[in-house]
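A.B. asks: One structure coming up, written as structure tokens, with questions to follow.
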Amino acid sequence: MSDHNDLGPLIPRNRAVHPPAYDIDYKTSVPRSPRWSLLSLDSGPSEETGPTFGHDVLGEWDNNLIMNWTRGKAPAVGERILVHGRVLDENARPVPNALVEIWQANAGGRYRHKKDTYFAPLDPNFGGCGRTITDENGFYEFLTIRPGAYPWPNRGNDWRPMHIHFSIFGHSFGQRLISQMYFEGDPLIYRCPIAATVKDRSQLDTLVAPLDMAKARPMDFLAYKFDIVLRGRRQTMFENKLEGM
Amino acid sequence: MVQKLDTLVESPSQTAGPYVHIGCMPTYAGNAGAYDIEIGESPIAEGAKGEVIEITGEVFDGTGWALRDAMLESWQPDAAGLFPGQDGADPKVSGFCRFAADSESGKFTLRTVKPGAVKARGGAMQAPHISLWIVARGINIGLQTRIYFEDEDNSADPLLNRIEQGNRVETLIAKKTGDGQYTFNVVLQGDRETVFLDI
């Protein structure tokens, strides 16, 4: 990478805002959590560069989960909602051209995945995945249905709150993030051991999307707003100077 | 009250869960056709310059069991050490791949070209490597690591040299098993735990 387009290294991750790898209440994390410390280093080209995704990969229905499984032929069952927001970085700048991919259960809490065996029925008109690319101001939106809560094998009677999985690709491979969006007012959020892997309540609350009546469309859909913050780049006028100079 | 910072806090990670493939690899989830074009199917197109290689492996948990539901992503430069978008980069190398542990066997395969060396920030030359990111049910934040190669000179690599325990360095080095064939296993926990990165 030449210096003239060097945007500076990635801001080191504040691990305190993220879940620890090991959480005994989320049982699958017990055998899948590294025990040794992570090796911390300044980012370099391997982390600061990343793949770019153009609109040419997107299909006409990709951000409309109500219609995309049937390619516009028949709508999915469920409470119609718009999920919208912005992708920003830690410097509060919008992230344009970010790839946002989502997946979710249907209105009954069942996923369309060969491994999901929950007896709530599949909706023949719902696939459960969508994707889009943020605009020049970092905005994205999806039309979908509110996913159902569902039980899962963990402790005796654990239920996942209503949630939508988000995978976000910024401009750097080191910004890669997968998270989940929860819904304002859902009492299951604070009983869920996966939500509770985020130890700081104020941080967990940043994953809870508020009802947004300003974006709701009368006689059609409700709306929820969900902003996402990715790692930023550190830019100071001293960044490219050699150490000690 | 002190002044307020203008910065934001990164959104907290949550596990990708067992159904990550629905959103990222629909065909793997059993939903072929959900998208016309799936992302990251191959890091190279036909005619990419360099040595085509195949890296196979498994992702093991702390009990030695291979995960059947892990999803991996890789990112790398072309054979000359140029990332896509940089001047002169090989147009046949997208550099990015998404792949998954097989739902029956737990094995994964990455077919790509061997990457060239790239300078680190500050100018030190790094040994050729592929960046790897691993998510799955039970992994609360995606795990970053790197694949280096046994048949390259790794002795001056700044990252490998930062690992204090020499016996852990080998967890990042793919073993050559044949012509263009390598094995690289990820061990999430235990005696031979992979070195994971915060980078």
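The chains in the structure tokens are called A, B, ... from first to last as shown; in each chain the residues are counted from 1, and the ligands are counted from 1 in the order shown.
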Applying 12 Å and only C-alpha atoms, which residues near Ile139 of chain B remain after dropping the ones on its own chain fewer than 5 positions away? List them as a VMD selection string.
C.D. replies: (chain A and resid 18 to 23 26 to 34 178 to 179 194 197) or (chain B and resid 13 to 18 20 59 61 67 69 to 71 133 to 134 144 188 to 189)
A.B. asks: Find the nearest atom pair between each residue of chain B and chain A for residues within 6 Å, count only C-alpha atoms, give distances in Å to one decimal, sort rows by chain and ascending number, and present the table as a Markdown table.
C.D. replies:
```
| residue | atom | partner | partner_atom | distance |
| --- | --- | --- | --- | --- |
| B:Thr7 | CA | A:Asn91 | CA | 4.9 |
| B:Leu8 | CA | A:Glu90 | CA | 4.5 |
| B:Val9 | CA | A:Glu90 | CA | 5.8 |
| B:Glu10 | CA | A:Val229 | CA | 4.8 |
| B:Ser11 | CA | A:Val229 | CA | 5.0 |
| B:Pro12 | CA | A:His18 | CA | 4.7 |
| B:Ser13 | CA | A:Ser179 | CA | 4.7 |
| B:Gln14 | CA | A:Ser179 | CA | 4.3 |
| B:Gly23 | CA | A:Trp103 | CA | 4.7 |
| B:Ala29 | CA | A:His113 | CA | 5.1 |
| B:Gly30 | CA | A:Lys114 | CA | 5.8 |
| B:Ile37 | CA | A:Val57 | CA | 5.8 |
| B:Asp61 | CA | A:Arg32 | CA | 5.1 |
| B:Gly62 | CA | A:Pro31 | CA | 4.8 |
| B:Ala120 | CA | A:Gly44 | CA | 5.4 |
| B:Arg121 | CA | A:Gly44 | CA | 5.2 |
| B:Gly138 | CA | A:Ser29 | CA | 4.0 |
| B:Ile139 | CA | A:Ser29 | CA | 6.0 |
| B:Asn140 | CA | A:Ala21 | CA | 5.6 |
| B:Leu188 | CA | A:Pro34 | CA | 5.3 |
| B:Gln189 | CA | A:Pro34 | CA | 4.7 |
| B:Phe196 | CA | A:Leu38 | CA | 5.2 |
| B:Leu197 | CA | A:Leu39 | CA | 4.7 |
| B:Asp198 | CA | A:Ser40 | CA | 4.5 |
| B:Ile199 | CA | A:Leu41 | CA | 5.0 |
```
A.B. asks: Excluding Gly95 of chain B and residues on its chain fewer than 6 positions from it, collect all residues at most 7 Å away from it, counting only C-alpha atoms, and give them as a list in words.
C.D. replies: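 Contacts, in chain order: Pro43, Ile44, Trp75, Gln76, Pro77, Asp78 and Pro84 of chain B.
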A.B. asks: Just to be explicit: take each residue in the selection above, keep N, CA and C atoms, and write the result as a PDB file, in the first residue's frame.
C.D. replies:
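Output contents, as saved in part-v7.pdb:
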```pdb
ATOM      1  N   PRO B  43     -12.016 -17.410  -4.298  1.00  0.00           N
ATOM      2  CA  PRO B  43     -11.138 -16.238  -4.259  1.00  0.00           C
ATOM      3  C   PRO B  43     -10.403 -16.013  -5.571  1.00  0.00           C
ATOM      4  N   ILE B  44     -10.523 -16.964  -6.497  1.00  0.00           N
ATOM      5  CA  ILE B  44      -9.820 -16.843  -7.776  1.00  0.00           C
ATOM      6  C   ILE B  44     -10.762 -17.196  -8.915  1.00  0.00           C
ATOM      7  N   TRP B  75      -9.086 -13.928   3.307  1.00  0.00           N
ATOM      8  CA  TRP B  75      -8.766 -12.708   2.559  1.00  0.00           C
ATOM      9  C   TRP B  75      -7.265 -12.699   2.315  1.00  0.00           C
ATOM     10  N   GLN B  76      -6.865 -12.414   1.096  1.00  0.00           N
ATOM     11  CA  GLN B  76      -5.455 -12.534   0.731  1.00  0.00           C
ATOM     12  C   GLN B  76      -5.130 -11.673  -0.481  1.00  0.00           C
ATOM     13  N   PRO B  77      -3.854 -11.388  -0.687  1.00  0.00           N
ATOM     14  CA  PRO B  77      -3.431 -10.738  -1.929  1.00  0.00           C
ATOM     15  C   PRO B  77      -3.193 -11.775  -3.025  1.00  0.00           C
ATOM     16  N   ASP B  78      -2.883 -11.280  -4.234  1.00  0.00           N
ATOM     17  CA  ASP B  78      -2.582 -12.175  -5.344  1.00  0.00           C
ATOM     18  C   ASP B  78      -1.156 -12.733  -5.198  1.00  0.00           C
ATOM     19  N   PRO B  84      -6.669  -6.895  -4.257  1.00  0.00           N
ATOM     20  CA  PRO B  84      -7.594  -6.397  -5.277  1.00  0.00           C
ATOM     21  C   PRO B  84      -7.806  -4.896  -5.111  1.00  0.00           C
TER      22      PRO B  84
END
```
A.B. asks: What's around Arg146 of chain B at 10 Å? Count only C-alpha atoms, leave out sequence neighbours fewer than 6 positions away in its own chain, and write the answer as a PyMOL selection string.
C.D. replies: (chain A and resi 46) or (chain B and resi 74-76+128-133+159-160+171-174+194-197)
A.B. asks: Point out the residue among A:Val83, A:Ala74, A:Ile24, A:Leu7 with the least atom-to-atom distance to Met213 of chain A, counting only C-alpha atoms.
C.D. replies: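 For Met213 of chain A, the nearest of the candidates is A:Val83.
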A.B. asks: From the options A:Ala216, A:Ala209, A:Val87, A:Ile66, which residue's atoms come nearest to His163 of chain A, counting only C-alpha atoms?
C.D. replies: A:Ala209
A.B. asks: Would you list the contacts of Ala66 of chain B as a list in words, taking every protein, DNA or RNA residue within 8 Å and counting only C-alpha atoms, but skipping same-chain residues closer than 5 positions in sequence?
C.D. replies: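 The contact residues come out as Glu58, Val59, Phe60, Asp61, Ser105, Gly106 and Lys107 of chain B.
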A.B. asks: Generate the output file for the selected residues, all heavy atoms, as a PDB file, in the first residue's frame.
C.D. replies:
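Saved file again01.pdb follows:
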```
ATOM      1  N   GLU B  58      -9.828 -28.896   9.496  1.00  0.00           N
ATOM      2  CA  GLU B  58     -11.008 -28.995  10.351  1.00  0.00           C
ATOM      3  C   GLU B  58     -10.884 -27.963  11.456  1.00  0.00           C
ATOM      4  O   GLU B  58      -9.788 -27.483  11.744  1.00  0.00           O
ATOM      5  CB  GLU B  58     -11.107 -30.402  10.965  1.00  0.00           C
ATOM      6  CG  GLU B  58     -11.383 -31.492   9.934  1.00  0.00           C
ATOM      7  CD  GLU B  58     -11.163 -32.893  10.511  1.00  0.00           C
ATOM      8  OE1 GLU B  58     -12.050 -33.395  11.214  1.00  0.00           O
ATOM      9  OE2 GLU B  58     -10.087 -33.465  10.258  1.00  0.00           O
ATOM     10  N   VAL B  59     -11.997 -27.633  12.060  1.00  0.00           N
ATOM     11  CA  VAL B  59     -12.019 -26.720  13.210  1.00  0.00           C
ATOM     12  C   VAL B  59     -12.404 -27.553  14.425  1.00  0.00           C
ATOM     13  O   VAL B  59     -13.520 -28.086  14.488  1.00  0.00           O
ATOM     14  CB  VAL B  59     -13.041 -25.575  13.003  1.00  0.00           C
ATOM     15  CG1 VAL B  59     -13.039 -24.637  14.196  1.00  0.00           C
ATOM     16  CG2 VAL B  59     -12.749 -24.810  11.707  1.00  0.00           C
ATOM     17  N   PHE B  60     -11.488 -27.701  15.367  1.00  0.00           N
ATOM     18  CA  PHE B  60     -11.716 -28.580  16.521  1.00  0.00           C
ATOM     19  C   PHE B  60     -12.091 -27.789  17.769  1.00  0.00           C
ATOM     20  O   PHE B  60     -11.508 -26.726  18.035  1.00  0.00           O
ATOM     21  CB  PHE B  60     -10.462 -29.401  16.816  1.00  0.00           C
ATOM     22  CG  PHE B  60     -10.100 -30.371  15.736  1.00  0.00           C
ATOM     23  CD1 PHE B  60      -9.031 -30.118  14.881  1.00  0.00           C
ATOM     24  CD2 PHE B  60     -10.835 -31.537  15.562  1.00  0.00           C
ATOM     25  CE1 PHE B  60      -8.694 -31.019  13.878  1.00  0.00           C
ATOM     26  CE2 PHE B  60     -10.497 -32.451  14.559  1.00  0.00           C
ATOM     27  CZ  PHE B  60      -9.433 -32.189  13.713  1.00  0.00           C
ATOM     28  N   ASP B  61     -13.027 -28.317  18.532  1.00  0.00           N
ATOM     29  CA  ASP B  61     -13.329 -27.693  19.826  1.00  0.00           C
ATOM     30  C   ASP B  61     -12.375 -28.242  20.895  1.00  0.00           C
ATOM     31  O   ASP B  61     -11.472 -29.038  20.596  1.00  0.00           O
ATOM     32  CB  ASP B  61     -14.813 -27.859  20.189  1.00  0.00           C
ATOM     33  CG  ASP B  61     -15.192 -29.277  20.602  1.00  0.00           C
ATOM     34  OD1 ASP B  61     -14.296 -30.133  20.803  1.00  0.00           O
ATOM     35  OD2 ASP B  61     -16.402 -29.530  20.741  1.00  0.00           O
ATOM     36  N   SER B 105     -18.819 -34.287   7.761  1.00  0.00           N
ATOM     37  CA  SER B 105     -17.459 -34.678   8.144  1.00  0.00           C
ATOM     38  C   SER B 105     -16.733 -33.611   8.958  1.00  0.00           C
ATOM     39  O   SER B 105     -15.749 -33.903   9.649  1.00  0.00           O
ATOM     40  CB  SER B 105     -16.643 -34.969   6.884  1.00  0.00           C
ATOM     41  OG  SER B 105     -16.408 -33.760   6.168  1.00  0.00           O
ATOM     42  N   GLY B 106     -17.157 -32.366   8.858  1.00  0.00           N
ATOM     43  CA  GLY B 106     -16.447 -31.279   9.528  1.00  0.00           C
ATOM     44  C   GLY B 106     -15.257 -30.740   8.745  1.00  0.00           C
ATOM     45  O   GLY B 106     -14.603 -29.808   9.180  1.00  0.00           O
ATOM     46  N   LYS B 107     -14.989 -31.328   7.578  1.00  0.00           N
ATOM     47  CA  LYS B 107     -13.809 -30.884   6.803  1.00  0.00           C
ATOM     48  C   LYS B 107     -14.126 -29.658   5.946  1.00  0.00           C
ATOM     49  O   LYS B 107     -15.217 -29.549   5.397  1.00  0.00           O
ATOM     50  CB  LYS B 107     -13.337 -32.022   5.897  1.00  0.00           C
ATOM     51  CG  LYS B 107     -12.677 -33.158   6.672  1.00  0.00           C
ATOM     52  CD  LYS B 107     -11.941 -34.094   5.748  1.00  0.00           C
ATOM     53  CE  LYS B 107     -11.003 -35.041   6.468  1.00  0.00           C
ATOM     54  NZ  LYS B 107     -11.504 -35.579   7.734  1.00  0.00           N
TER      55      LYS B 107
END
```
